[in-house]
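Here's target_37.tsv, which has TSV, C-alpha atoms:
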chain	number	residue	atom	x	y	z
M	11	MET	CA	74.71	24.77	91.49
M	12	THR	CA	76.26	23.06	94.44
M	13	ILE	CA	79.61	24.05	95.76
M	14	GLN	CA	82.25	21.42	95.50
M	15	ALA	CA	85.54	21.65	97.30
M	16	ARG	CA	88.64	19.61	96.79
M	17	SER	CA	89.26	17.63	99.93
M	18	GLY	CA	92.95	18.23	99.53
M	19	ASN	CA	95.54	16.39	101.56
M	20	ILE	CA	97.19	18.67	104.05
M	21	GLY	CA	100.38	20.08	102.65
M	22	GLY	CA	99.86	19.01	99.07
M	23	PRO	CA	97.44	18.38	96.27
M	24	ALA	CA	95.17	15.36	96.27
M	25	ALA	CA	96.86	12.22	95.04
M	26	CYS	CA	96.61	11.49	91.34
M	27	GLY	CA	94.65	8.49	90.13
M	28	GLU	CA	91.94	8.62	92.77
M	29	PRO	CA	88.43	8.36	91.41
M	30	ALA	CA	87.02	11.84	90.97
M	31	ALA	CA	84.17	11.11	93.37
M	32	ASN	CA	86.65	10.77	96.22
M	33	LEU	CA	87.89	14.27	95.61
M	34	LEU	CA	84.52	15.91	95.79
M	35	MET	CA	82.79	17.14	98.87
M	36	ARG	CA	79.17	17.90	98.29
M	37	TRP	CA	77.61	20.69	100.23
M	38	ILE	CA	73.85	20.49	100.55
M	39	TRP	CA	72.29	23.70	101.83
M	40	ILE	CA	68.63	22.71	101.88
M	41	ASP	CA	67.12	20.33	104.42
M	42	LYS	CA	64.40	18.61	102.44
M	43	PHE	CA	61.93	18.90	99.62
M	44	VAL	CA	58.28	19.09	100.62
M	45	GLU	CA	56.87	19.41	97.10
M	46	PHE	CA	58.30	18.23	93.79
M	47	LYS	CA	56.46	18.44	90.48
M	48	SER	CA	58.83	17.06	87.89
M	49	GLY	CA	59.72	19.64	85.23
M	50	GLN	CA	57.52	22.28	86.85
M	51	SER	CA	58.11	23.33	90.44
M	52	ALA	CA	59.65	22.36	93.75
M	53	VAL	CA	59.49	23.55	97.34
M	54	ALA	CA	62.36	22.94	99.74
M	55	VAL	CA	62.73	23.75	103.42
M	56	LYS	CA	65.83	25.23	105.04
M	57	ASN	CA	65.94	25.54	108.81
M	58	VAL	CA	68.40	28.12	110.06
M	59	THR	CA	70.31	27.32	113.23
M	60	LEU	CA	72.72	29.20	115.44
M	61	ALA	CA	75.03	26.19	115.10
M	62	GLU	CA	75.96	27.53	111.65
M	63	GLU	CA	79.32	29.02	112.42
M	64	HIS	CA	79.22	31.83	109.89
M	65	LEU	CA	76.30	33.42	111.74
M	66	HIS	CA	78.68	34.33	114.55
M	67	ASP	CA	80.76	36.40	112.18
M	68	HIS	CA	77.84	37.68	110.14
M	69	PHE	CA	77.54	39.71	112.25
M	70	PRO	CA	78.93	39.64	115.83
M	71	GLY	CA	75.97	40.38	118.08
M	72	PHE	CA	73.59	40.45	115.09
M	73	PRO	CA	73.48	37.01	113.50
M	74	VAL	CA	71.62	37.09	110.17
M	75	MET	CA	71.75	34.67	107.25
M	76	PRO	CA	73.92	36.08	104.44
M	77	GLU	CA	71.92	36.88	101.32
M	78	CYS	CA	74.39	34.97	99.15
M	79	LEU	CA	73.46	31.81	101.07
M	80	MET	CA	69.79	32.44	100.37
M	81	ILE	CA	70.74	32.54	96.69
M	82	GLU	CA	72.67	29.28	97.16
M	83	GLY	CA	69.60	27.65	98.72
M	84	MET	CA	67.49	28.73	95.77
M	85	ALA	CA	70.20	27.64	93.32
M	86	GLN	CA	70.13	24.15	94.86
M	87	THR	CA	66.33	23.94	94.96
M	88	ALA	CA	65.92	25.19	91.40
M	89	GLY	CA	69.07	23.42	90.15
M	90	ILE	CA	67.89	20.00	91.33
M	91	LEU	CA	64.47	20.76	89.80
M	92	VAL	CA	66.13	21.57	86.47
M	93	GLY	CA	68.46	18.57	86.70
M	94	GLU	CA	65.63	16.15	87.46
M	95	ALA	CA	63.65	17.48	84.50
M	96	LYS	CA	66.31	15.90	82.25
M	97	LYS	CA	66.73	12.89	84.53
M	98	PHE	CA	70.09	14.20	85.80
M	99	SER	CA	71.68	13.61	82.40
M	100	GLU	CA	72.83	17.22	82.00
M	101	LYS	CA	75.54	19.11	83.84
M	102	VAL	CA	73.45	21.88	85.31
M	103	ILE	CA	75.47	24.93	86.29
M	104	LEU	CA	74.23	28.17	87.79
M	105	ALA	CA	74.93	30.65	85.00
M	106	LYS	CA	73.23	33.87	85.94
M	107	ILE	CA	71.34	35.54	88.75
M	108	ARG	CA	68.59	37.32	86.87
M	109	LYS	CA	67.07	38.88	89.94
M	110	ALA	CA	67.72	38.81	93.69
M	111	VAL	CA	65.68	41.08	95.94
M	112	PHE	CA	65.54	40.73	99.72
M	113	PHE	CA	62.79	42.03	101.96
M	114	ASP	CA	63.73	40.95	105.47
M	115	TYR	CA	66.50	39.55	107.65
M	116	VAL	CA	66.64	35.82	108.31
M	117	LYS	CA	67.70	34.73	111.78
M	118	ALA	CA	68.47	31.54	113.66
M	119	GLY	CA	65.30	29.58	114.35
M	120	ASP	CA	63.67	30.68	111.12
M	121	SER	CA	62.23	28.02	108.86
M	122	LEU	CA	62.44	29.03	105.22
M	123	ARG	CA	60.36	27.71	102.33
M	124	LEU	CA	62.22	27.95	99.04
M	125	GLU	CA	59.70	27.84	96.20
M	126	ALA	CA	61.15	27.40	92.70
M	127	LYS	CA	59.41	27.21	89.34
M	128	ILE	CA	60.79	26.41	85.90
M	129	GLU	CA	59.96	29.30	83.60
M	130	SER	CA	61.71	28.12	80.43
M	131	LEU	CA	63.48	24.87	79.70
M	132	ALA	CA	65.51	24.58	76.49
M	133	PRO	CA	68.10	22.00	75.37
M	134	GLU	CA	70.97	24.29	76.35
M	135	ALA	CA	69.63	26.17	79.38
M	136	ALA	CA	66.78	26.83	81.77
M	137	SER	CA	65.39	29.82	83.61
M	138	THR	CA	63.64	29.65	86.97
M	139	THR	CA	61.72	32.01	89.21
M	140	GLY	CA	61.68	31.66	92.95
M	141	LYS	CA	60.42	33.01	96.23
M	142	ILE	CA	61.72	32.48	99.74
M	143	MET	CA	58.99	32.59	102.38
M	144	ARG	CA	58.98	32.53	106.18
M	145	GLY	CA	55.41	31.60	106.98
M	146	GLU	CA	53.33	34.14	105.09
M	147	LYS	CA	56.16	36.66	104.93
M	148	LEU	CA	57.98	37.13	101.63
M	149	ILE	CA	61.71	37.15	102.35
M	150	ALA	CA	63.26	37.18	98.86
M	151	GLU	CA	62.56	36.87	95.15
M	152	ILE	CA	65.33	35.08	93.28
M	153	ASP	CA	65.24	34.34	89.54
M	154	LEU	CA	68.07	32.28	88.07
M	155	MET	CA	69.45	30.87	84.85
M	156	PHE	CA	71.13	27.51	84.54
M	157	SER	CA	73.30	26.33	81.68
M	158	HIS	CA	73.53	22.77	80.44
M	159	VAL	CA	77.26	23.19	80.02
M	160	ASP	CA	77.85	20.55	77.38
M	161	LYS	CA	75.59	22.55	75.07
M	162	ASN	CA	77.12	25.93	75.80
M	163	LEU	CA	77.39	28.46	73.01
M	164	ALA	CA	81.15	28.76	73.20
M	165	GLY	CA	81.53	25.07	72.31
M	166	LYS	CA	83.95	24.44	75.20
M	167	ALA	CA	84.51	20.85	76.22
M	168	PHE	CA	83.93	19.72	79.81
M	169	PRO	CA	84.88	16.47	81.57
M	170	GLU	CA	82.80	13.54	80.48
M	171	GLU	CA	81.62	12.44	83.92
M	172	ASN	CA	78.71	14.34	85.34
M	173	PHE	CA	80.51	16.32	88.02
M	174	VAL	CA	77.27	18.04	89.07
M	175	PHE	CA	75.04	15.03	89.62
M	176	ASP	CA	77.83	12.50	90.12
M	177	ASP	CA	76.42	10.76	93.16
M	178	THR	CA	72.67	10.73	92.79
M	179	SER	CA	72.16	8.97	96.13
M	180	VAL	CA	72.25	12.38	97.81
M	181	PHE	CA	69.47	13.70	95.59
M	182	ASP	CA	67.71	10.40	95.86
M	183	SER	CA	67.29	10.78	99.60
M	184	LEU	CA	66.27	14.43	99.30
M	185	LEU	CA	63.61	13.58	96.75
M	186	ARG	CA	62.43	10.49	98.59
M	187	GLU	CA	61.54	12.80	101.45
M	188	ALA	CA	59.30	14.77	99.09
M	189	VAL	CA	57.65	11.57	97.88
M	190	SER	CA	56.92	10.41	101.43
M	191	GLN	CA	55.25	13.77	102.00
M	192	GLY	CA	52.87	13.09	99.14
M	193	ALA	CA	54.59	15.04	96.39
M	194	ASP	CA	54.90	13.84	92.80
M	195	PRO	CA	55.37	10.06	93.16
M	196	GLY	CA	57.39	9.73	89.95
M	197	ALA	CA	60.03	12.18	91.04
M	198	GLY	CA	61.85	9.90	93.44
M	199	GLU	CA	62.29	7.09	90.93
M	200	SER	CA	63.68	8.99	88.02
M	201	GLU	CA	67.23	9.64	89.12
M	202	ARG	CA	68.21	6.07	89.99
M	203	GLU	CA	69.99	5.19	86.80
R	25	MET	CA	49.04	39.83	67.53
R	26	ALA	CA	49.88	42.89	65.46
R	27	MET	CA	52.19	45.40	67.12
R	28	SER	CA	53.78	48.54	65.77
R	29	ARG	CA	57.57	48.77	65.61
R	30	GLU	CA	57.48	51.40	68.35
R	31	GLU	CA	55.58	49.04	70.65
R	32	ILE	CA	58.00	46.22	69.86
R	33	LEU	CA	61.00	48.48	70.49
R	34	GLN	CA	59.59	49.55	73.83
R	35	GLN	CA	59.13	45.91	74.93
R	36	VAL	CA	62.58	44.95	73.66
R	37	GLN	CA	64.09	47.88	75.56
R	38	GLU	CA	62.44	46.72	78.78
R	39	ILE	CA	63.71	43.19	78.21
R	40	LEU	CA	67.28	44.37	77.65
R	41	VAL	CA	67.19	46.65	80.68
R	42	ASP	CA	66.12	43.67	82.83
R	43	ALA	CA	68.38	41.09	81.20
R	44	LEU	CA	71.57	43.16	80.99
R	45	GLY	CA	71.20	45.56	83.89
R	46	VAL	CA	71.59	48.62	81.64
R	47	ASP	CA	69.71	51.94	81.79
R	48	ASP	CA	66.87	52.42	79.34
R	49	ASP	CA	68.56	55.42	77.75
R	50	GLU	CA	71.52	53.20	76.84
R	51	VAL	CA	69.33	51.01	74.66
R	52	SER	CA	68.87	52.55	71.22
R	53	LEU	CA	68.18	50.85	67.90
R	54	GLU	CA	71.88	51.04	66.98
R	55	SER	CA	73.18	49.59	70.27
R	56	ARG	CA	75.25	46.44	69.83
R	57	LEU	CA	74.35	43.78	72.36
R	58	MET	CA	77.94	42.76	73.04
R	59	GLY	CA	79.97	45.86	72.23
R	60	ASP	CA	77.68	48.48	73.75
R	61	LEU	CA	75.48	46.65	76.23
R	62	GLY	CA	77.97	44.09	77.57
R	63	ALA	CA	76.00	40.95	76.74
R	64	GLU	CA	77.68	37.56	77.23
R	65	SER	CA	76.68	34.19	75.84
R	66	ILE	CA	74.29	33.26	78.66
R	67	ASP	CA	72.61	36.65	78.24
R	68	PHE	CA	71.63	35.75	74.68
R	69	LEU	CA	69.69	32.76	76.01
R	70	ASP	CA	68.19	34.92	78.73
R	71	ILE	CA	67.08	37.43	76.08
R	72	VAL	CA	65.61	34.65	73.94
R	73	PHE	CA	63.64	33.30	76.93
R	74	ARG	CA	62.35	36.78	77.77
R	75	LEU	CA	61.39	37.51	74.14
R	76	GLU	CA	59.51	34.22	73.93
R	77	LYS	CA	57.55	35.08	77.05
R	78	ALA	CA	56.89	38.75	76.28
R	79	PHE	CA	55.73	38.19	72.69
R	80	ALA	CA	54.31	34.67	73.11
R	81	ILE	CA	56.49	33.30	70.30
R	82	LYS	CA	58.82	30.32	70.08
R	83	ILE	CA	62.37	31.11	69.00
R	84	PRO	CA	64.42	28.07	67.98
R	85	ARG	CA	68.06	28.16	68.99
R	86	GLU	CA	70.25	29.54	66.20
R	87	GLU	CA	67.44	31.43	64.56
R	88	LEU	CA	68.01	34.75	66.27
R	89	PHE	CA	71.71	34.44	67.14
R	90	PRO	CA	73.23	31.92	64.72
R	91	ALA	CA	76.89	32.63	65.47
R	92	GLU	CA	78.02	29.22	66.66
R	93	SER	CA	77.23	27.07	63.63
R	94	LEU	CA	78.91	29.63	61.40
R	95	MET	CA	82.12	29.92	63.37
R	96	ASN	CA	82.59	26.18	63.75
R	97	ASN	CA	82.19	25.36	60.07
R	98	PRO	CA	85.49	25.44	58.11
R	99	ALA	CA	83.62	25.98	54.85
R	100	PHE	CA	82.36	29.28	56.18
R	101	VAL	CA	85.53	30.59	57.80
R	102	SER	CA	89.01	31.24	56.43
R	103	ASN	CA	91.80	33.26	58.07
R	104	GLY	CA	89.44	34.63	60.68
R	105	LYS	CA	87.04	35.92	58.08
R	106	LEU	CA	83.83	34.62	56.66
R	107	THR	CA	84.17	33.12	53.19
R	108	GLU	CA	81.80	33.85	50.33
R	109	SER	CA	79.69	30.82	51.25
R	110	GLY	CA	79.82	31.91	54.89
R	111	LEU	CA	78.45	35.29	53.89
R	112	LYS	CA	75.78	33.63	51.83
R	113	GLU	CA	74.82	31.53	54.83
R	114	ILE	CA	74.64	34.49	57.16
R	115	ARG	CA	72.52	36.44	54.68
R	116	GLU	CA	70.04	33.58	54.70
R	117	LYS	CA	70.12	33.17	58.44
R	118	LEU	CA	69.90	36.84	59.31
R	119	PRO	CA	67.41	38.26	56.82
R	120	HIS	CA	66.42	40.77	59.48
R	121	THR	CA	69.92	42.22	59.82
R	122	ASP	CA	71.65	44.89	57.74
R	123	LEU	CA	74.91	43.28	56.59
R	124	SER	CA	76.21	45.96	54.21
R	125	GLU	CA	78.90	47.26	56.61
R	126	PHE	CA	79.97	43.80	57.75
R	127	GLU	CA	80.37	42.51	54.18
R	128	LYS	CA	83.15	45.02	53.48
R	129	ASN	CA	85.32	43.30	56.08
R	130	PRO	CA	83.68	40.08	57.29
R	131	ASP	CA	86.00	39.64	60.28
R	132	LEU	CA	84.82	37.02	62.78
R	133	ASN	CA	85.52	39.39	65.65
R	134	LYS	CA	83.01	41.77	64.14
R	135	LEU	CA	80.30	39.11	64.10
R	136	GLY	CA	79.17	40.25	67.54
R	137	ASP	CA	78.45	43.70	66.16
R	138	LEU	CA	75.70	42.27	64.00
R	139	PHE	CA	73.55	41.60	67.00
R	140	THR	CA	71.97	44.98	67.49
R	141	VAL	CA	68.74	46.08	69.13
R	142	ASN	CA	67.50	46.86	65.63
R	143	ALA	CA	68.11	43.24	64.56
R	144	ILE	CA	65.99	41.99	67.46
R	145	VAL	CA	63.19	44.43	66.66
R	146	ASN	CA	63.29	43.37	63.00
R	147	PHE	CA	63.21	39.72	64.00
R	148	VAL	CA	60.22	40.13	66.33
R	149	ASP	CA	58.49	42.37	63.79
R	150	GLY	CA	58.93	39.66	61.16
R	151	ARG	CA	57.52	36.99	63.44
R	152	LEU	CA	54.53	38.97	64.69
R	153	ASN	CA	53.56	40.89	61.59
R	154	ALA	CA	54.43	38.48	58.79
R	155	ALA	CA	51.63	38.26	56.29
Rewrite the coordinates I just gave you, this time as structure tokens.
Amino acid sequence: MTIQARSGNIGGPAACGEPAANLLMRWIWIDKFVEFKSGQSAVAVKNVTLAEEHLHDHFPGFPVMPECLMIEGMAQTAGILVGEAKKFSEKVILAKIRKAVFFDYVKAGDSLRLEAKIESLAPEAASTTGKIMRGEKLIAEIDLMFSHVDKNLAGKAFPEENFVFDDTSVFDSLLREAVSQGADPGAGESERE
Amino acid sequence: MAMSREEILQQVQEILVDALGVDDDEVSLESRLMGDLGAESIDFLDIVFRLEKAFAIKIPREELFPAESLMNNPAFVSNGKLTESGLKEIREKLPHTDLSEFEKNPDLNKLGDLFTVNAIVNFVDGRLNAA
């Protein structure tokens, strides 16, 4: 769901024995939640700015938000929605892009609304549907599947610590924003365990 | 909700076209989900979710694709093949699947071949049109 990079020491791998949390850099690609209905739906906002360096390469003289980053925004919105539905106890991993259709370019200065809904939620996986809007204009439709990796069909074992929702303070603050905006009041409390 | 087998097949075909990104003429009754249509494990869950929605039925995990519990049980598997009790188990779990070919050589690697479009249609047919 979120991209995690090893903050490697220059010239060599990260030192052994450090707590895993120190090795993870969390990359949050949405700015805030404005609606959050636990187990049902969520709406996040992403403001696009010319300060995002990749826009200068994508493309020179024609800066537009890469579609893959729109998918990432939806994966984070829907992934946090799915994670919160099980109180962040599952390792929620983006498993499949069921649909991704784009209708317009997104440029610096645009404010995007990422609207995600849970379609199905099972012990081992979840499917979501989503729309990205700019005002009234439909920008993209993105439907995703998430796996709860500990319950995957292949029976593979994963590390015990929850490497997806390891530091819930990040999600805490994102969800608190939604609560202060009048969204589902229970949502902000649930992940503080 | 009574539906004919043709209607069920048509819906199942649409679901597989959407879930697996295949063309509709690739999906015949004999098509194997893994071998012919390229399905992976997450696709099976996707298909289950889509079947539940399209036919308004609930499909418990393991009921339609019960591979995992079979493969992980030593009583059911020996030397990469299903044992007699493993075969008995799979007959009970997959009453909607034709096992006659598989039983001649119950190789675990062939287990994926059992999941055909026909098996899905039979399963849905059984759920919708059971007396």
Using all atoms listed in the file, find which residues of chain R lie within 8 Å of chain M and jot them down as number ranges by chain.
-> R: 42-43, 65-66, 69-70, 73, 92
Hey, could you pull the box centre and edge lengths for region 59-73 of chain R, axis-aligned, 5 Å padding per side, all listed atoms, to one decimal in Å, as JSON?
{"center_x": 71.8, "center_y": 40.6, "center_z": 75.5, "size_x": 26.3, "size_y": 25.7, "size_z": 16.5}
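For the residues M:Phe113, M:Phe175, M:Phe46, M:Trp37, ranking by smallest atom-to-atom distance to Ile128 (chain M) using all atoms listed in the file places M:Phe46 first.
Of the residues listed (M:Met80, M:Gln50, M:Arg123, M:His66), M:Gln50 shows the shortest atom-to-atom separation from Lys96 (chain M); distances use all atoms listed in the file.
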Nearest to Ala52 (chain M) among M:Val180, M:Leu148, M:Ile103, M:Leu185, with distances taken over only C-alpha atoms: which residue is it?
-> M:Leu185
If you count all atoms listed in the file, which residues fall within 12 Å of Gly104 (chain R), apart from same-chain ones fewer than 4 positions away, as a count of residues only?
-> 15
Quick one: residues within 10 Å of Ile81 (chain M), all atoms listed in the file counted, chain neighbours fewer than 6 positions away excluded, as number ranges by chain?
-> M: 87, 107, 109-111, 124, 140, 142, 150-154
Could the residues in this selection be saved with C-alpha atoms as a PDB file, keeping the file's coordinate frame?
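Just written: part.pdb:
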ATOM      1  CA  THR M  87      66.330  23.940  94.960  1.00  0.00           C
ATOM      2  CA  ILE M 107      71.340  35.540  88.750  1.00  0.00           C
ATOM      3  CA  LYS M 109      67.070  38.880  89.940  1.00  0.00           C
ATOM      4  CA  ALA M 110      67.720  38.810  93.690  1.00  0.00           C
ATOM      5  CA  VAL M 111      65.680  41.080  95.940  1.00  0.00           C
ATOM      6  CA  LEU M 124      62.220  27.950  99.040  1.00  0.00           C
ATOM      7  CA  GLY M 140      61.680  31.660  92.950  1.00  0.00           C
ATOM      8  CA  ILE M 142      61.720  32.480  99.740  1.00  0.00           C
ATOM      9  CA  ALA M 150      63.260  37.180  98.860  1.00  0.00           C
ATOM     10  CA  GLU M 151      62.560  36.870  95.150  1.00  0.00           C
ATOM     11  CA  ILE M 152      65.330  35.080  93.280  1.00  0.00           C
ATOM     12  CA  ASP M 153      65.240  34.340  89.540  1.00  0.00           C
ATOM     13  CA  LEU M 154      68.070  32.280  88.070  1.00  0.00           C
TER      14      LEU M 154
END
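Distance check against Glu54 (chain R) using only C-alpha atoms: of R:Asn146, R:Thr140, R:Gln35, R:Thr121, the minimum falls on R:Thr140.
CA of Gly93 (chain M) is found 17.9 Å from CA of Asp41 (chain M).
Proximity to Phe89 (chain R) was assessed for R:Glu127, R:Glu108, R:Asp137, R:Asp60 counting all atoms listed in the file; the smallest distance is recorded for R:Asp137.
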